[in-house]
Amino acid sequence: MKVAVIRFPGSNCDQDALWSLRNSVGIEAEYVWHESDSLVGYEGVFLPGGFSYGDYLRCGAMAAQAPILSEVRRFADEGRPVIGACNGFQVLCESGILPGALLRNEKEKFVCKTVRLRTISRASAWTRDLPETLDIPIAHGEGRYIAEAATIQALEDSGRVAFRYEGDNPNGSLDSIAGILNRKGNVLGMMPHPERAANPVLGKTDGIAILRAFELVVA
Amino acid sequence: MGLRDSEFSLICDLMGREPTYTELGMFAVMWSEHCGYKYSRPILSYFSKYKEALEGEGLENAGIIDIGDGLGITMKIESHNHPSAVEPYQGAATGVGGIIRDIFTMGARPIALGNSLRFGPIRDGEADPAIVDRNHYLVRHVVEGIGGYGNCVGVPTVCGEVGFHRRYSGNPLVNAMCVGVVPLDSIATAGAAGPGNPVLYMGSATGKDGIHGATFASEELSEDSNDRRPNVQIGDPFAEKLLIEATLEALETGAVVAIQDMGAAGLTCSTIEMSSKGGVGMEIDLDKVPMRESDMTGYELMLSESQERMLAVAHLGREQEVIDVCRKWGVPVSVIGTVTDSKRVRVFRHGKLEADVDATLLTDHCPTYTTDLEEPEYYREAQAFRLDSVPIRGLEVLPQLLASPNIASKQWVYEQYDHEVQTQTAVGPGAGDAAVMALRGTQKGIAIKIDGNSRWVYFDPYVGGQLAVAEAARNVACTGAMPRAITDGLNYGSPEAPHVYWQFERSVKGIADAAEVLNTPVISGNVSFYNQSDLGEVPPTPLIGMVGVLEDASKRIRMDLPADEPLELLVVCYPVRYTKHEGLGASEYLAEIHGIENGLPVPPDMEGERHLCEFLVQASKQQLILCAHDVSDGGLAVCLAEMAIPNKVGIEFSTEQVFSVQHLRSDSKIYGEFPGMVVLGVQAGKLGPCMQLADSKNLQIYRCGYSGQAQVAFVLDGESVNLEQLALAYSRIIPENIEVL
């Protein structure tokens with residue numbers, strides 16, 4: 001399969017996403033520029049982290065209007081694998097592909113550290129084979145997940161909470177939510193960076209299982 | 001503008017006429033201490049590479065380290081002290097932006113940032129409450145500024161240090177370091193060439209911010225300095241991120257002849273330096289410069305220090321390739337002039353000639369000055385200092401020492417920096433003696449450290465300079481990397497004061513001599529003078545940025561003792577140098593526990609340091625050691641605590657063999673700051689080869705204890721202290737004092 005790593009101006013985890021897919025997981029991956037309007041030839045999408053458009057309006061808000069997003073939306077609707085990590089998660093929420101929003105961290109500070117995630121839902125191919133817990137880095141200033149009570153309830157009831165933070169809640173997210181799925185289970189948005197935990201030389205490898213799931217979602 | 005009368009006369013003589021107002025402004029910035037190195041040049045020639053460069057082709061390519069595999073490393077430190085004193089967020093942020101541009105202007109991709117920060121006291125009672133409050137504000141906003149810029153621009157901040165002393169209250173120090181990687185066959189040059197070639201402006205529009213920033217950096221801070229806030233530039237990391245990508249992509253096209261960032265002194269510095277380096281001239285039409293305000297004068301355009309801008313020369317007829325790349329990335333771009341063969345930079349605004357000057361007059365004729373050296377009284381007093389009246393304390397004061405803000409964990413700081421973006425960080429902040437980057441596309445690793453101890457330098461500048469180099473090298477070697485080169489950040493008070501000039505001269509000599517022995521040349525650097533305010537001058541603070549190379553990044557060594565594996569603890573060192581002050585002179589223990597800042601640090605044996613580095617590199621290569629951490633501020637006790645705390649691993653350790661001299665004070669043994677000493681964590685099966693290797697390097701090696709026992713106690717020389725108590729003392733002091741609750 002071939003994954004499109006979408007590059008917005010200000011994306012800064014685009015190279016990391018590409019490298020981890022190619023070298024840690026062995027999945028073919030290529031950059032696709034935000035102004036492109038076609039994902040023909042690709043089977044999956046990685047919306048990388050960073051500061052698209054400087055995050056100057058609201059995180060992910062400008063990127064959600066980019067031409068390529070209509071294609072990302074098509075992939076989401078057609079059940080193809082889409083993952084958004086960090087800024088990519090913010091883009092998915094801003095574009096309405098996933099519900100809710102990501103606000104400034106409760107402590108109002110950027111936070112970069114490795115956190116422990118607990119896999120909650122097994123309903124999606126993204127999470128079905130993951131271990132109970134994973135150690136994955138976070139690096140964000142605006143990762144506090146919120147949504148209306150009814151939405152949260154619906155996410156919980158329908159097995160769409162993919163991950164929770166185990167132990168300390170690093171950003172004040174509701175119910176310690178670290179990652180969520182869309183209804184079909186093919187779109188995963190998460191604040192932690194699986195691509196940063198995919199290289200034994202760096203001492204972290206728990207993200208590899210998540211990246212590898214690209215192929216499971218396709219099948 | 002900061003020029004002296006004699007300098008004005010010299011300018012008139014050189015030009016054969018009085019300069020125009022714009023020309024005068026250009027001379028003022030180019031001849032400021034910040035750009036012209038008026039007081040530092042005579043002393044900087046102690047650095048062999050600097051001397052060679054001045055006599056040869058200039059400094060430019062002196063700054064590349066060949067690491068093999070066709071790759072080069074480039075690095076530099078720059079200070080942003082004065083801007084950060086008056087506008088901490090933007091001052092720190094633009095310091096980061098500026099140093100990143102210094103790296104990618106060479107065609108290198110920036111892979112890591114470091115920083116070294118100094119502030120006044122943050123604990124109540126250590127200064128007037130208003131000053132302590134102000135220091136809290138400065139710490140919070142400088143840290144936020146560094147994070148705000150570095151995180152967004154996508155370059156990880158992987159190492160750094162933060163120190164506190166009352167003499168930094170009026171004038172904090174903010175030094176940023178950047179390291180980049182460049183294929184050796186695609187290093188970019190700043191020397192303009194090819195008369196007729198177009199000159200391109202790339203980057204954000206020019207505004208009225210930061211005018212005369214370089215001049216501001218070259219004078220003392222005073223009560224009026226707050227009025228200088230308009231002199232501080234405003235950073236836009238998003239623009240910088242686009243500029244990095246556009247610049248590197250433009251260089252890849254092959255259409256670019258030369259390129260330089262517009263940092264201090266903006267368009268003036270870039271047009272003048274590129275012309276001078278290339279032995280050519282330029283005609284510049286300022287009307288074509290992208291502007292934020294259309295009413296800007298020629299003077300303002302030439303002197304603005306607006307951020308995120310580059311000046312490039314393209315091959316005639318290929319400028320469109322550069323323009324296309326810039327447009328793709330949304331970077332403003334404009335052809336603003338032409339290279340000429342006149343050697344003169346001629347600048348027009350609204351059709352009027354604003355400046356017409358021989359570029360070399362500004363780059364090569366800046367006068368230099370020296371000041372008489374004067375050994376200060378305090379230096380003689382330090383030599384006469386006696387330890388006799390200092391009571392001996394034991395392990396019971398270790399929690400207090402760990403809670404000294406200078407020693408305490410800086411986790412609160414580095415968690416606000418993205419230290420993992422680019423996914424090359426193999427050892428991040430807090431995990432090792434230096435950061436280690438595992439470079440993509442090669443097995444090699446790069447170790448990076450920035451370090452300095454101003455108390456050592458203050459009391460003995462020559463030895464302090466040597467110690468700074470020795471420690472930075474030792475730190476890099478503790479990760480398994482061979483130290484290769486230095487970039488330095490030299491921060492002092494006014495060079496016009498004889499005792500400051502003495503501190504400067506002696507410490508630079510110490511750095512240069514130490515660098516020579518270790519074969520780690522100083523390849524770049526920055527000098528920041530006039531770091532003083534109403535609250536006094538800063539202590540001399542030379543900072544050493546050291547880079548080392550690991551042949552195999554996967555063999556990097558960390559400092560934290562593992563929880564799951566008991567290890568033998570060894571000390572490897574060269575013969576301990578027993579001096580009058582027994583390792584307690586100018587020590588953190590003396591300052592924090594006894595309130596005494598006096599005495600002399602122990603001088604390093606630089607040959608011994610070299611052997612120690614070689615041992616560490618070999619030991620890592622042969623996988624003989626699991627952990628390594630050097631003895632520094634706070635001595636062996638703090639060193640061991642820092643190894644034990646991360647994974648809460650109990651230890652039992654005795655210094656008996658290390659110090660063979662019977663009469664040595666017991667507090668010297670645990671808190672003495674002896675150079676050339678490293679604690680190792682070694683698996684039992686590796687003991688033999690490890691000790692043999694040390695022997696072969698003429699080093700001493702002692703089995704002193706073990707780690708990883710079931711109990712969580714920290715036992716040193718028979719005394720015991722609770723590990724939880726140590727961990728708490730170490731971790732909470734910074735957030736407790738700085739955090740707004």
# chains A, B, ... in the order shown; residues from 1 in each chain; ligands from 1

call {"tool": "select_by_dssp", "arguments": {"residues": "segment 39-153 of chain A", "states": "alpha helix (DSSP H)", "output": "list of chain:residue names"}}
result
A:Ile68, A:Leu69, A:Ser70, A:Glu71, A:Val72, A:Arg73, A:Arg74, A:Phe75, A:Ala76, A:Asp77, A:Glu78, A:Asn87, A:Gly88, A:Phe89, A:Gln90, A:Val91, A:Leu92, A:Cys93, A:Glu94, A:Ala149, A:Ala150, A:Thr151, A:Ile152, A:Gln153

call {"tool": "interface_residues", "arguments": {"of": "chain B", "to": "chain A", "cutoff": "10 Å", "atoms": "only C-alpha atoms", "output": "MDAnalysis selection string"}}
result
chainID B and resid 144 147:148 151:155 236:242 245 328:330 411:428 436:438 440 443 552:556 739:741

call {"tool": "residues_around", "arguments": {"residues": "segment 211-213 of chain A", "least_positions_apart": "2", "cutoff": "8 Å", "atoms": "only C-alpha atoms", "output": "PDB file with C-alpha atoms, in the first residue's frame"}}
result
ATOM      1  CA  LEU A  21       6.421   4.556   7.744  1.00  0.00           C
ATOM      2  CA  VAL A  25       7.213  -0.300   9.249  1.00  0.00           C
ATOM      3  CA  ALA A 125      -8.627  -2.225  13.055  1.00  0.00           C
ATOM      4  CA  TRP A 126      -6.414   0.646  14.223  1.00  0.00           C
ATOM      5  CA  THR A 127      -6.538  -0.600  17.797  1.00  0.00           C
ATOM      6  CA  PRO A 194       3.300   7.268  17.194  1.00  0.00           C
ATOM      7  CA  GLU A 195       5.931   8.211  14.589  1.00  0.00           C
ATOM      8  CA  GLY A 207       4.366   3.472  18.006  1.00  0.00           C
ATOM      9  CA  ILE A 208       5.277   0.853  15.422  1.00  0.00           C
ATOM     10  CA  ALA A 209       2.186  -1.243  16.231  1.00  0.00           C
ATOM     11  CA  GLU A 215      -2.406  -2.293   6.554  1.00  0.00           C
ATOM     12  CA  LEU A 216      -5.043  -3.826   8.831  1.00  0.00           C
ATOM     13  CA  VAL A 217      -7.484  -0.967   8.258  1.00  0.00           C
TER      14      VAL A 217
END

call {"tool": "residues_around", "arguments": {"residues": "Ser121 of chain A", "least_positions_apart": "2", "cutoff": "6 Å", "atoms": "only C-alpha atoms", "output": "list of chain:residue names"}}
result
A:Ala123, A:Gly159, A:Val161, A:Ala162

call {"tool": "write_last_selection", "arguments": {"atoms": "C-alpha atoms", "output": "tab-separated table (two decimals), in the first residue's frame"}}
result
chain	number	residue	atom	x	y	z
A	123	ALA	CA	-13.62	-1.98	17.79
A	159	GLY	CA	-16.32	2.23	21.41
A	161	VAL	CA	-12.39	6.26	22.53
A	162	ALA	CA	-9.18	4.75	21.23

call {"tool": "residues_around", "arguments": {"residues": "His499 of chain B", "least_positions_apart": "4", "cutoff": "7 Å", "atoms": "only C-alpha atoms", "output": "number ranges by chain"}}
result
B: 373-376, 503

call {"tool": "residues_around", "arguments": {"residues": "Pro172 of chain B", "least_positions_apart": "6", "cutoff": "9 Å", "atoms": "only C-alpha atoms", "output": "ChimeraX atom specification"}}
result
/B:81-82,84-85,117-120,135,138,531,538

call {"tool": "select_by_dssp", "arguments": {"residues": "chain A", "states": "strand (DSSP E)", "output": "PyMOL selection string"}}
result
chain A and resi 2-7+28-33+44-47+82-85+101-103+111-119+133-140+144-146+161-165+177-181+187-190

call {"tool": "residues_around", "arguments": {"residues": "Asn453 of chain B", "least_positions_apart": "2", "cutoff": "8 Å", "atoms": "only C-alpha atoms", "output": "number ranges by chain"}}
result
B: 451, 455-457, 464, 468, 541-543

call {"tool": "atom_distance", "arguments": {"atom1": "atom CA of Thr74 of chain B", "atom2": "atom CA of Ile103 of chain B"}}
result
6.8 Å

call {"tool": "closest_atom_pairs", "arguments": {"of": "segment 45-111 of chain A", "to": "segment 174-179 of chain A", "cutoff": "12 Å", "atoms": "only C-alpha atoms", "output": "tab-separated table"}}
result
residue	atom	partner	partner_atom	distance
A:Ile83	CA	A:Gly179	CA	10.3
A:Gly84	CA	A:Gly179	CA	9.6
A:Ala85	CA	A:Gly179	CA	8.9
A:Cys86	CA	A:Gly179	CA	9.7
A:Gly88	CA	A:Gly179	CA	11.6
A:Phe89	CA	A:Gly179	CA	8.4
A:Gln90	CA	A:Gly179	CA	11.0
A:Leu92	CA	A:Gly179	CA	11.6
A:Cys93	CA	A:Gly179	CA	11.4
A:Leu98	CA	A:Gly179	CA	10.4
A:Pro99	CA	A:Gly179	CA	11.3
A:Gly100	CA	A:Leu174	CA	10.5
A:Ala101	CA	A:Leu174	CA	10.8
A:Leu102	CA	A:Leu174	CA	10.3
A:Leu103	CA	A:Leu174	CA	10.9
A:Asn105	CA	A:Leu174	CA	11.4
A:Glu106	CA	A:Leu174	CA	10.7

call {"tool": "write_last_selection", "arguments": {"atoms": "N, CA, C and O atoms", "output": "short mmCIF file (atom, residue, chain, number, x, y, z; two decimals), in the first residue's frame"}}
result
data_model
loop_
_atom_site.label_atom_id
_atom_site.label_comp_id
_atom_site.auth_asym_id
_atom_site.auth_seq_id
_atom_site.Cartn_x
_atom_site.Cartn_y
_atom_site.Cartn_z
N ILE A 83 -4.96 8.68 9.61
CA ILE A 83 -4.53 8.96 10.97
C ILE A 83 -4.06 10.41 11.03
O ILE A 83 -3.40 10.91 10.11
N GLY A 84 -4.46 11.08 12.09
CA GLY A 84 -3.96 12.44 12.35
C GLY A 84 -3.33 12.45 13.72
O GLY A 84 -3.97 12.07 14.70
N ALA A 85 -2.06 12.83 13.79
CA ALA A 85 -1.37 12.87 15.07
C ALA A 85 -1.06 14.32 15.42
O ALA A 85 -0.57 15.06 14.57
N CYS A 86 -1.39 14.71 16.63
CA CYS A 86 -1.09 16.05 17.13
C CYS A 86 -1.79 17.10 16.27
O CYS A 86 -3.00 17.14 16.24
N GLY A 88 -2.30 17.00 13.26
CA GLY A 88 -3.16 16.25 12.36
C GLY A 88 -4.51 15.94 13.00
O GLY A 88 -5.56 15.97 12.35
N PHE A 89 -4.50 15.65 14.30
CA PHE A 89 -5.74 15.42 15.05
C PHE A 89 -6.54 16.72 15.11
O PHE A 89 -7.76 16.73 14.90
N GLN A 90 -5.83 17.82 15.34
CA GLN A 90 -6.51 19.12 15.38
C GLN A 90 -7.17 19.42 14.03
O GLN A 90 -8.30 19.93 13.97
N LEU A 92 -8.24 17.20 11.87
CA LEU A 92 -9.40 16.32 11.72
C LEU A 92 -10.61 16.86 12.49
O LEU A 92 -11.75 16.78 12.02
N CYS A 93 -10.37 17.42 13.68
CA CYS A 93 -11.48 17.99 14.45
C CYS A 93 -11.99 19.28 13.81
O CYS A 93 -13.20 19.49 13.69
N LEU A 98 -13.68 14.40 12.64
CA LEU A 98 -13.84 13.85 13.98
C LEU A 98 -14.54 14.90 14.85
O LEU A 98 -14.38 16.10 14.61
N PRO A 99 -15.31 14.46 15.85
CA PRO A 99 -16.02 15.42 16.70
C PRO A 99 -15.10 16.03 17.76
O PRO A 99 -14.04 15.48 18.06
N GLY A 100 -15.54 17.16 18.32
CA GLY A 100 -14.83 17.75 19.44
C GLY A 100 -13.78 18.75 19.01
O GLY A 100 -13.68 19.11 17.83
N ALA A 101 -13.01 19.21 19.98
CA ALA A 101 -12.00 20.24 19.72
C ALA A 101 -10.85 20.07 20.69
O ALA A 101 -10.98 19.41 21.72
N LEU A 102 -9.73 20.69 20.35
CA LEU A 102 -8.54 20.62 21.20
C LEU A 102 -8.18 22.03 21.66
O LEU A 102 -7.92 22.90 20.84
N LEU A 103 -8.20 22.21 22.96
CA LEU A 103 -7.95 23.54 23.54
C LEU A 103 -6.56 23.59 24.17
O LEU A 103 -5.88 22.58 24.31
N ASN A 105 -3.70 23.55 26.70
CA ASN A 105 -3.50 22.66 27.84
C ASN A 105 -3.95 23.36 29.13
O ASN A 105 -3.77 24.56 29.30
N GLU A 106 -4.46 22.55 30.03
CA GLU A 106 -4.99 23.09 31.28
C GLU A 106 -3.94 23.96 32.00
O GLU A 106 -4.25 25.00 32.53
#

call {"tool": "closest_residue", "arguments": {"among": "A:Pro131, A:Glu94, A:Gln65, A:Val218", "to": "Lys2 of chain A", "atoms": "only C-alpha atoms"}}
result
A:Val218

call {"tool": "closest_atom_pairs", "arguments": {"of": "segment 480-534 of chain B", "to": "segment 591-607 of chain B", "cutoff": "9 Å", "atoms": "only C-alpha atoms", "output": "JSON lines"}}
result
{"residue": "B:Ala514", "atom": "CA", "partner": "B:Met606", "partner_atom": "CA", "distance": 6.4}
{"residue": "B:Val517", "atom": "CA", "partner": "B:Met606", "partner_atom": "CA", "distance": 6.4}
{"residue": "B:Leu518", "atom": "CA", "partner": "B:Met606", "partner_atom": "CA", "distance": 7.3}

call {"tool": "write_last_selection", "arguments": {"atoms": "N, CA, C and O atoms", "output": "tab-separated table (two decimals), in the first residue's frame"}}
result
chain	number	residue	atom	x	y	z
B	514	ALA	N	43.14	24.75	26.42
B	514	ALA	CA	42.49	23.46	26.66
B	514	ALA	C	42.01	22.85	25.34
B	514	ALA	O	42.16	21.65	25.11
B	517	VAL	N	44.84	21.10	23.47
B	517	VAL	CA	45.23	19.78	23.98
B	517	VAL	C	44.21	18.71	23.58
B	517	VAL	O	44.56	17.59	23.24
B	518	LEU	N	42.95	19.08	23.63
B	518	LEU	CA	41.90	18.09	23.32
B	518	LEU	C	41.66	17.94	21.82
B	518	LEU	O	40.88	17.10	21.39

call {"tool": "decode", "arguments": {"residues": "segment 433-459 of chain B", "atoms": "N, CA and C atoms", "output": "PDB file, in the first residue's frame"}}
result
ATOM      1  N   ASP B 433      24.756  12.874  29.936  1.00  0.00           N
ATOM      2  CA  ASP B 433      25.631  14.020  30.175  1.00  0.00           C
ATOM      3  C   ASP B 433      25.625  14.998  29.005  1.00  0.00           C
ATOM      4  N   ALA B 434      25.228  14.504  27.833  1.00  0.00           N
ATOM      5  CA  ALA B 434      25.056  15.358  26.662  1.00  0.00           C
ATOM      6  C   ALA B 434      23.897  14.772  25.873  1.00  0.00           C
ATOM      7  N   ALA B 435      23.336  15.562  24.967  1.00  0.00           N
ATOM      8  CA  ALA B 435      22.298  15.028  24.091  1.00  0.00           C
ATOM      9  C   ALA B 435      22.968  14.230  22.981  1.00  0.00           C
ATOM     10  N   VAL B 436      22.273  13.216  22.490  1.00  0.00           N
ATOM     11  CA  VAL B 436      22.785  12.456  21.344  1.00  0.00           C
ATOM     12  C   VAL B 436      21.716  12.414  20.260  1.00  0.00           C
ATOM     13  N   MET B 437      22.128  12.793  19.052  1.00  0.00           N
ATOM     14  CA  MET B 437      21.240  12.733  17.901  1.00  0.00           C
ATOM     15  C   MET B 437      21.676  11.565  17.014  1.00  0.00           C
ATOM     16  N   ALA B 438      20.717  10.689  16.701  1.00  0.00           N
ATOM     17  CA  ALA B 438      20.992   9.590  15.768  1.00  0.00           C
ATOM     18  C   ALA B 438      20.580  10.075  14.387  1.00  0.00           C
ATOM     19  N   LEU B 439      21.560  10.406  13.577  1.00  0.00           N
ATOM     20  CA  LEU B 439      21.266  11.028  12.289  1.00  0.00           C
ATOM     21  C   LEU B 439      20.640  10.049  11.321  1.00  0.00           C
ATOM     22  N   ARG B 440      19.634  10.533  10.615  1.00  0.00           N
ATOM     23  CA  ARG B 440      19.013   9.706   9.579  1.00  0.00           C
ATOM     24  C   ARG B 440      19.996   9.466   8.448  1.00  0.00           C
ATOM     25  N   GLY B 441      19.940   8.277   7.911  1.00  0.00           N
ATOM     26  CA  GLY B 441      20.744   8.003   6.731  1.00  0.00           C
ATOM     27  C   GLY B 441      22.189   7.675   7.056  1.00  0.00           C
ATOM     28  N   THR B 442      22.550   7.567   8.317  1.00  0.00           N
ATOM     29  CA  THR B 442      23.894   7.144   8.699  1.00  0.00           C
ATOM     30  C   THR B 442      23.799   6.475  10.068  1.00  0.00           C
ATOM     31  N   GLN B 443      24.805   5.650  10.362  1.00  0.00           N
ATOM     32  CA  GLN B 443      24.819   4.976  11.651  1.00  0.00           C
ATOM     33  C   GLN B 443      25.349   5.915  12.737  1.00  0.00           C
ATOM     34  N   LYS B 444      25.942   6.996  12.296  1.00  0.00           N
ATOM     35  CA  LYS B 444      26.651   7.874  13.228  1.00  0.00           C
ATOM     36  C   LYS B 444      25.715   8.663  14.131  1.00  0.00           C
ATOM     37  N   GLY B 445      26.257   9.027  15.261  1.00  0.00           N
ATOM     38  CA  GLY B 445      25.515   9.880  16.182  1.00  0.00           C
ATOM     39  C   GLY B 445      26.309  11.134  16.475  1.00  0.00           C
ATOM     40  N   ILE B 446      25.582  12.177  16.839  1.00  0.00           N
ATOM     41  CA  ILE B 446      26.209  13.450  17.184  1.00  0.00           C
ATOM     42  C   ILE B 446      25.852  13.769  18.631  1.00  0.00           C
ATOM     43  N   ALA B 447      26.863  13.975  19.466  1.00  0.00           N
ATOM     44  CA  ALA B 447      26.593  14.368  20.848  1.00  0.00           C
ATOM     45  C   ALA B 447      26.776  15.880  20.973  1.00  0.00           C
ATOM     46  N   ILE B 448      25.889  16.501  21.722  1.00  0.00           N
ATOM     47  CA  ILE B 448      25.885  17.965  21.821  1.00  0.00           C
ATOM     48  C   ILE B 448      25.773  18.380  23.275  1.00  0.00           C
ATOM     49  N   LYS B 449      26.573  19.375  23.650  1.00  0.00           N
ATOM     50  CA  LYS B 449      26.541  19.866  25.024  1.00  0.00           C
ATOM     51  C   LYS B 449      26.777  21.367  25.026  1.00  0.00           C
ATOM     52  N   ILE B 450      26.097  22.068  25.905  1.00  0.00           N
ATOM     53  CA  ILE B 450      26.450  23.467  26.150  1.00  0.00           C
ATOM     54  C   ILE B 450      26.583  23.631  27.653  1.00  0.00           C
ATOM     55  N   ASP B 451      27.680  24.248  28.080  1.00  0.00           N
ATOM     56  CA  ASP B 451      28.015  24.211  29.485  1.00  0.00           C
ATOM     57  C   ASP B 451      28.915  25.374  29.880  1.00  0.00           C
ATOM     58  N   GLY B 452      28.794  25.801  31.105  1.00  0.00           N
ATOM     59  CA  GLY B 452      29.692  26.826  31.642  1.00  0.00           C
ATOM     60  C   GLY B 452      29.485  26.960  33.134  1.00  0.00           C
ATOM     61  N   ASN B 453      30.532  27.320  33.860  1.00  0.00           N
ATOM     62  CA  ASN B 453      30.416  27.522  35.307  1.00  0.00           C
ATOM     63  C   ASN B 453      31.081  28.849  35.632  1.00  0.00           C
ATOM     64  N   SER B 454      30.252  29.875  35.825  1.00  0.00           N
ATOM     65  CA  SER B 454      30.816  31.212  35.963  1.00  0.00           C
ATOM     66  C   SER B 454      31.536  31.405  37.294  1.00  0.00           C
ATOM     67  N   ARG B 455      31.163  30.631  38.315  1.00  0.00           N
ATOM     68  CA  ARG B 455      31.849  30.811  39.597  1.00  0.00           C
ATOM     69  C   ARG B 455      33.307  30.378  39.485  1.00  0.00           C
ATOM     70  N   TRP B 456      33.549  29.269  38.825  1.00  0.00           N
ATOM     71  CA  TRP B 456      34.935  28.834  38.606  1.00  0.00           C
ATOM     72  C   TRP B 456      35.701  29.896  37.812  1.00  0.00           C
ATOM     73  N   VAL B 457      35.042  30.423  36.773  1.00  0.00           N
ATOM     74  CA  VAL B 457      35.728  31.390  35.910  1.00  0.00           C
ATOM     75  C   VAL B 457      35.990  32.688  36.662  1.00  0.00           C
ATOM     76  N   TYR B 458      35.049  33.089  37.490  1.00  0.00           N
ATOM     77  CA  TYR B 458      35.201  34.327  38.246  1.00  0.00           C
ATOM     78  C   TYR B 458      36.429  34.244  39.155  1.00  0.00           C
ATOM     79  N   PHE B 459      36.541  33.154  39.894  1.00  0.00           N
ATOM     80  CA  PHE B 459      37.631  33.061  40.867  1.00  0.00           C
ATOM     81  C   PHE B 459      38.970  32.706  40.240  1.00  0.00           C
TER      82      PHE B 459
END
